[in-house]
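J.: After the structure tokens below, expect a handful of questions from me.
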Amino acid sequence: MMARLISDRALSTVRKQALRLGRQNNPATTRKLAISAPAEIELDPDNGEQDIQVRLADAIRPYHENQTPVVIQRAYANSIACQKWHDVEYLRRMIGDEKECEVEIGTVYTDAVKSRIPFGQYCDYLNLATAESQQNNGVDDDDNSSSSSSSLPMVYLAQNEVFDGLRDDYDVPKFCSDSALNVGQGSLYNEMVWIGPQGCVTPLHYDPLDNIFLQCAGMKQISLYPPQEESKNQCYYPGYNGGQYNTSGVDVEQPDFGTFPLFRNVAPLVQQVVVRSGDLLFIPARWWHHVRSLEYSVSVNFFWR
């Protein structure tokens with residue numbers, strides 16, 4: 001299956017990245033700073049006194065007005081997405097083996113090779129990767145070799161349009177498309193789905209639109225950094241070495257302050273949170289964020305104005 005999944009060139013690229021990165025991207029081996037967390041609100045989906053979408057809009061509104069992140073815990077815990085998407089075979093049945101998807105092969109999208117493959121092949125890969133992660137996670141805590149001993153490349157189904165077979169499994173937050181709820185203009189821009197094994201990383205970047213991030217299966221660690229005035233935005237080294245204008249050159253899990261000295265000015269501002277199935281995270285426009293999958297994970301995000 002893997003021979004069909006990726007080319008020899010792509011596999012060579014991945015192996016070189018693995019040798020370069022080795023253990024340094026394993027959170028267990030990374031020196032920790034004193035880290036704060038964004039605000040967290042628990043929203044009980046079983047409380048039927050008021051429509052869940054109205055309560056969700058009321059919870060998000062003050063944070064949207066102030067443009068600060070907030071986690072709404074368990075808001076979508078009762079959705080089909082959060083109850084069934086942990087099962088790769090359920091996704092296979094709903095999407096179909098032959099449906100084409102785009103994947104990124106490599107450690108992060110700035111270095112990845114993109115490929116289009118049948119979704120069934122990606123499901124086969126996920127099952128193999130999850131089994132290997134579970135085996136590696138069973139080693140002693142003193143043995144941190146699991147991050148570099150994988151026989152599989154990192155393959156991430158990132159930023160795909162939500163597949164038609166999954167759209168009925170959740171409700172788009174109503175305030176994203178209903179101006180009457182007074183959370184922005186109520187103009188939905190798009191919905192994206194992210195599916196991947198443990199260890200998938202999205203490097204530090206920002207988005208130009210407000211973002212609601214729904215964690216459907218598994219857990220992700222998200223690090224958030226506030227936007228800076230234009231004159232201070234260079235602290236994040238956007239577009240470094242010819243990269244994308246909204247993507248930082250800094251590896252926030254192992255920052256090289258020799259190469260990126262200005263990042264010292266914003267590193268202490270980080271807010272970090274682990275989102276779990278059913279949680280929603282509001283990421284305001286232009287807030288920088290870095291994402292790591294702590295296990296097999298499925299997420300959907302909604303950009304809106």
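Ordering of the structure tokens sets the chain letters (A, B, ...); residue numbers start at 1 within each chain; ligands are numbered from 1 in the order shown.
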Please return as number ranges by chain: the residues of region 55-130 of chain A that backbone DSSP assigns to strand (DSSP E).
T.: A: 70-73, 100-105, 113-118
J.: Just the helix (DSSP H, G or I) stuff from region 28-207 of chain A, please, per backbone DSSP, written as JSON, numbers by chain.
T.: {"A": [28, 29, 52, 53, 54, 55, 56, 57, 58, 59, 60, 61, 62, 63, 64, 65, 66, 80, 81, 82, 83, 84, 88, 89, 90, 91, 92, 93, 94, 95, 119, 120, 121, 122, 123, 124, 125, 126, 127, 128, 129, 130, 131, 132, 133, 134, 135, 136, 145, 146, 147, 164, 165, 166, 167, 168, 169, 174, 175, 176, 179, 180, 181]}
J.: With distances taken over only C-alpha atoms, which of A:Leu204, A:Ala75, A:Leu209, A:Val155 is nearest to Glu102 (chain A)?
T.: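 Using only C-alpha atoms, Glu102 (chain A) sits closest to A:Val155.
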J.: Might you pull out every residue within 8 Å of Pro226 (chain A), with only C-alpha atoms counted and same-chain residues fewer than 3 positions away left off, and present them as a list of chain:residue names?
T.: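 Using only C-alpha atoms, the neighbours found are A:Leu269, A:Val270, A:Arg286, A:Trp287, A:Trp288.
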J.: Generate a file of the selected residues that holds N, CA, C and O atoms, formatted as an mmCIF file, in the first residue's frame.
T.:
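Done, and the output landed in again_21.cif:
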```cif
data_model
loop_
_atom_site.group_PDB
_atom_site.id
_atom_site.type_symbol
_atom_site.label_atom_id
_atom_site.label_comp_id
_atom_site.auth_asym_id
_atom_site.auth_seq_id
_atom_site.Cartn_x
_atom_site.Cartn_y
_atom_site.Cartn_z
ATOM 1 N N LEU A 269 4.393 35.178 25.704
ATOM 2 C CA LEU A 269 2.980 35.526 25.558
ATOM 3 C C LEU A 269 2.110 34.333 25.176
ATOM 4 O O LEU A 269 0.890 34.469 25.060
ATOM 5 N N VAL A 270 2.719 33.170 25.003
ATOM 6 C CA VAL A 270 1.991 32.007 24.510
ATOM 7 C C VAL A 270 0.865 31.601 25.454
ATOM 8 O O VAL A 270 0.984 31.671 26.682
ATOM 9 N N ARG A 286 -5.749 36.744 12.746
ATOM 10 C CA ARG A 286 -4.385 37.236 12.894
ATOM 11 C C ARG A 286 -3.705 36.799 14.191
ATOM 12 O O ARG A 286 -2.568 37.190 14.453
ATOM 13 N N TRP A 287 -4.363 35.955 14.990
ATOM 14 C CA TRP A 287 -3.661 35.330 16.110
ATOM 15 C C TRP A 287 -2.809 34.197 15.556
ATOM 16 O O TRP A 287 -3.285 33.327 14.815
ATOM 17 N N TRP A 288 -1.533 34.180 15.916
ATOM 18 C CA TRP A 288 -0.637 33.124 15.481
ATOM 19 C C TRP A 288 -0.930 31.857 16.274
ATOM 20 O O TRP A 288 -1.222 31.918 17.479
#
```
J.: Near region 157-168 of chain A, counting only C-alpha atoms, which residues have an atom at most 7 Å away, once you skip same-chain residues fewer than 3 positions from it, shown as a VMD selection string?
T.: chain A and resid 94 to 95 102 to 104 191 to 196
J.: Write the selection just made, keeping all heavy atoms, as an mmCIF file, in the first residue's frame?
T.:
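Final output, out.cif:
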```cif
data_model
loop_
_atom_site.group_PDB
_atom_site.id
_atom_site.type_symbol
_atom_site.label_atom_id
_atom_site.label_comp_id
_atom_site.auth_asym_id
_atom_site.auth_seq_id
_atom_site.Cartn_x
_atom_site.Cartn_y
_atom_site.Cartn_z
ATOM 1 N N MET A 94 -18.499 6.399 5.119
ATOM 2 C CA MET A 94 -19.230 7.621 4.801
ATOM 3 C C MET A 94 -18.617 8.383 3.624
ATOM 4 O O MET A 94 -19.333 9.058 2.882
ATOM 5 C CB MET A 94 -19.270 8.530 6.035
ATOM 6 C CG MET A 94 -19.961 7.915 7.249
ATOM 7 S SD MET A 94 -21.637 7.334 6.875
ATOM 8 C CE MET A 94 -22.475 8.900 6.577
ATOM 9 N N ILE A 95 -17.302 8.296 3.450
ATOM 10 C CA ILE A 95 -16.631 9.041 2.385
ATOM 11 C C ILE A 95 -16.442 8.192 1.134
ATOM 12 O O ILE A 95 -16.631 8.669 0.012
ATOM 13 C CB ILE A 95 -15.273 9.575 2.893
ATOM 14 C CG1 ILE A 95 -15.507 10.575 4.032
ATOM 15 C CG2 ILE A 95 -14.476 10.220 1.761
ATOM 16 C CD1 ILE A 95 -14.246 11.016 4.736
ATOM 17 N N GLU A 102 -6.525 15.094 -0.901
ATOM 18 C CA GLU A 102 -5.164 15.619 -0.980
ATOM 19 C C GLU A 102 -4.479 15.446 0.363
ATOM 20 O O GLU A 102 -5.049 15.783 1.403
ATOM 21 C CB GLU A 102 -5.170 17.092 -1.375
ATOM 22 C CG GLU A 102 -3.761 17.671 -1.539
ATOM 23 C CD GLU A 102 -3.768 19.086 -2.071
ATOM 24 O OE1 GLU A 102 -3.830 20.013 -1.241
ATOM 25 O OE2 GLU A 102 -3.718 19.275 -3.307
ATOM 26 N N VAL A 103 -3.267 14.933 0.358
ATOM 27 C CA VAL A 103 -2.508 14.737 1.586
ATOM 28 C C VAL A 103 -1.163 15.448 1.480
ATOM 29 O O VAL A 103 -0.653 15.698 0.381
ATOM 30 C CB VAL A 103 -2.286 13.238 1.897
ATOM 31 C CG1 VAL A 103 -3.614 12.545 2.151
ATOM 32 C CG2 VAL A 103 -1.521 12.548 0.768
ATOM 33 N N GLU A 104 -0.612 15.768 2.648
ATOM 34 C CA GLU A 104 0.715 16.357 2.757
ATOM 35 C C GLU A 104 1.650 15.301 3.342
ATOM 36 O O GLU A 104 1.384 14.769 4.417
ATOM 37 C CB GLU A 104 0.686 17.585 3.648
ATOM 38 C CG GLU A 104 -0.210 18.698 3.124
ATOM 39 C CD GLU A 104 -0.382 19.847 4.104
ATOM 40 O OE1 GLU A 104 0.160 19.753 5.231
ATOM 41 O OE2 GLU A 104 -1.055 20.825 3.764
ATOM 42 N N GLU A 191 -15.488 25.702 5.204
ATOM 43 C CA GLU A 191 -15.298 24.670 6.224
ATOM 44 C C GLU A 191 -14.198 23.736 5.717
ATOM 45 O O GLU A 191 -14.221 23.311 4.571
ATOM 46 C CB GLU A 191 -16.575 23.845 6.428
ATOM 47 C CG GLU A 191 -17.835 24.637 6.671
ATOM 48 C CD GLU A 191 -19.082 23.762 6.514
ATOM 49 O OE1 GLU A 191 -19.104 22.636 7.074
ATOM 50 O OE2 GLU A 191 -20.009 24.200 5.825
ATOM 51 N N MET A 192 -13.266 23.392 6.610
ATOM 52 C CA MET A 192 -12.162 22.510 6.240
ATOM 53 C C MET A 192 -12.069 21.361 7.244
ATOM 54 O O MET A 192 -12.373 21.526 8.430
ATOM 55 C CB MET A 192 -10.835 23.277 6.234
ATOM 56 C CG MET A 192 -10.852 24.602 5.488
ATOM 57 S SD MET A 192 -11.214 24.447 3.729
ATOM 58 C CE MET A 192 -9.707 23.671 3.142
ATOM 59 N N VAL A 193 -11.640 20.190 6.752
ATOM 60 C CA VAL A 193 -11.469 19.033 7.619
ATOM 61 C C VAL A 193 -9.996 18.648 7.656
ATOM 62 O O VAL A 193 -9.259 18.797 6.667
ATOM 63 C CB VAL A 193 -12.340 17.841 7.150
ATOM 64 C CG1 VAL A 193 -11.899 17.330 5.787
ATOM 65 C CG2 VAL A 193 -12.351 16.730 8.183
ATOM 66 N N TRP A 194 -9.565 18.168 8.834
ATOM 67 C CA TRP A 194 -8.180 17.772 9.083
ATOM 68 C C TRP A 194 -8.202 16.385 9.713
ATOM 69 O O TRP A 194 -8.813 16.187 10.766
ATOM 70 C CB TRP A 194 -7.502 18.750 10.034
ATOM 71 C CG TRP A 194 -7.641 20.201 9.671
ATOM 72 C CD1 TRP A 194 -8.784 20.956 9.707
ATOM 73 C CD2 TRP A 194 -6.597 21.070 9.223
ATOM 74 N NE1 TRP A 194 -8.521 22.245 9.307
ATOM 75 C CE2 TRP A 194 -7.188 22.345 9.010
ATOM 76 C CE3 TRP A 194 -5.237 20.893 9.010
ATOM 77 C CZ2 TRP A 194 -6.440 23.439 8.565
ATOM 78 C CZ3 TRP A 194 -4.487 21.990 8.580
ATOM 79 C CH2 TRP A 194 -5.089 23.246 8.361
ATOM 80 N N ILE A 195 -7.539 15.421 9.081
ATOM 81 C CA ILE A 195 -7.510 14.039 9.585
ATOM 82 C C ILE A 195 -6.057 13.573 9.568
ATOM 83 O O ILE A 195 -5.378 13.689 8.540
ATOM 84 C CB ILE A 195 -8.360 13.099 8.702
ATOM 85 C CG1 ILE A 195 -9.793 13.637 8.541
ATOM 86 C CG2 ILE A 195 -8.389 11.691 9.289
ATOM 87 C CD1 ILE A 195 -10.650 12.848 7.540
ATOM 88 N N GLY A 196 -5.591 13.036 10.692
ATOM 89 C CA GLY A 196 -4.208 12.589 10.697
ATOM 90 C C GLY A 196 -3.851 11.793 11.934
ATOM 91 O O GLY A 196 -4.585 11.764 12.919
#
```
J.: Report the distance between CA of His86 (chain A) and CA of Ser299 (chain A) in Å, rounded to one decimal place.
T.: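 The value is 10.7 Å.
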J.: I want to know what sits within 8 Å of region 113-120 of chain A, based on only C-alpha atoms, with residues of the same chain fewer than 2 positions away left out; could you give that as a count of residues only?
T.: 21
J.: Rank A:Ser277, A:Asn47, A:Leu91, A:Trp304 by their smallest atom-to-atom distance to Asn127 (chain A), using only C-alpha atoms, and report the top residue only.
T.: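 Smallest distance to Asn127 (chain A) is found for A:Leu91.
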J.: Please determine, counting only C-alpha atoms, which residue among A:Pro173, A:Pro238, A:Gly186, A:Gly199 has the shortest atom-to-atom distance to Tyr156 (chain A).
T.: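 Looking at the shortest contact to Tyr156 (chain A), the residue is A:Gly199.
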J.: Name the closest residue to Leu214 (chain A) among the candidates A:Trp85, A:Tyr76, A:Tyr296, A:Tyr125; distances are taken between atoms, counting only C-alpha atoms.
T.: A:Tyr76
J.: Rounded to one decimal, what separation in Å do you get between CA of Glu230 (chain A) and CA of Asp256 (chain A)?
T.: 22.6 Å
J.: Any idea what's packed within 10 Å of Leu43 (chain A), counting only C-alpha atoms, ignoring anything in its chain fewer than 5 positions away? Could you give it as a PDB file with N, CA and C atoms, in the first residue's frame?
T.:
```pdb
ATOM      1  N   ILE A  52     -28.940  25.267  21.969  1.00  0.00           N
ATOM      2  CA  ILE A  52     -27.496  25.180  22.115  1.00  0.00           C
ATOM      3  C   ILE A  52     -26.793  26.214  21.242  1.00  0.00           C
ATOM      4  N   ARG A  55     -26.952  29.581  23.013  1.00  0.00           N
ATOM      5  CA  ARG A  55     -26.024  29.605  24.143  1.00  0.00           C
ATOM      6  C   ARG A  55     -24.576  29.692  23.660  1.00  0.00           C
ATOM      7  N   LEU A  56     -24.285  29.013  22.567  1.00  0.00           N
ATOM      8  CA  LEU A  56     -22.936  29.061  22.017  1.00  0.00           C
ATOM      9  C   LEU A  56     -22.592  30.477  21.545  1.00  0.00           C
ATOM     10  N   ALA A  59     -21.925  32.692  24.471  1.00  0.00           N
ATOM     11  CA  ALA A  59     -20.636  32.408  25.105  1.00  0.00           C
ATOM     12  C   ALA A  59     -19.482  33.006  24.303  1.00  0.00           C
ATOM     13  N   VAL A  71     -11.998  28.679  24.757  1.00  0.00           N
ATOM     14  CA  VAL A  71     -12.380  27.288  24.517  1.00  0.00           C
ATOM     15  C   VAL A  71     -13.774  27.073  25.099  1.00  0.00           C
ATOM     16  N   ILE A  72     -14.670  26.552  24.291  1.00  0.00           N
ATOM     17  CA  ILE A  72     -15.999  26.172  24.760  1.00  0.00           C
ATOM     18  C   ILE A  72     -15.993  24.649  24.864  1.00  0.00           C
ATOM     19  N   GLN A  73     -15.896  24.156  26.076  1.00  0.00           N
ATOM     20  CA  GLN A  73     -15.727  22.720  26.303  1.00  0.00           C
ATOM     21  C   GLN A  73     -17.042  21.965  26.137  1.00  0.00           C
ATOM     22  N   ARG A  74     -16.963  20.826  25.464  1.00  0.00           N
ATOM     23  CA  ARG A  74     -18.043  19.837  25.355  1.00  0.00           C
ATOM     24  C   ARG A  74     -19.249  20.336  24.554  1.00  0.00           C
ATOM     25  N   ALA A  75     -19.167  21.484  23.933  1.00  0.00           N
ATOM     26  CA  ALA A  75     -20.334  22.050  23.255  1.00  0.00           C
ATOM     27  C   ALA A  75     -20.904  21.118  22.194  1.00  0.00           C
ATOM     28  N   TYR A  76     -20.035  20.361  21.517  1.00  0.00           N
ATOM     29  CA  TYR A  76     -20.475  19.487  20.429  1.00  0.00           C
ATOM     30  C   TYR A  76     -20.352  18.009  20.796  1.00  0.00           C
ATOM     31  N   ALA A  77     -20.290  17.716  22.095  1.00  0.00           N
ATOM     32  CA  ALA A  77     -20.068  16.334  22.528  1.00  0.00           C
ATOM     33  C   ALA A  77     -21.146  15.375  22.039  1.00  0.00           C
ATOM     34  N   ASP A 279     -14.914  19.820  21.960  1.00  0.00           N
ATOM     35  CA  ASP A 279     -14.513  21.193  22.284  1.00  0.00           C
ATOM     36  C   ASP A 279     -14.491  22.066  21.039  1.00  0.00           C
TER      37      ASP A 279
END
```
J.: Restricting the calculation to only C-alpha atoms, which member of A:Val273, A:Cys216, A:Cys235, A:Val298 is positioned closest to Pro197 (chain A)?
T.: A:Val298
J.: Restricting the calculation to only C-alpha atoms, which member of A:Leu128, A:Ala112, A:Ala180, A:Ala39 is positioned closest to Gln198 (chain A)?
T.: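 Ranked by minimum distance to Gln198 (chain A), first place goes to A:Leu128.
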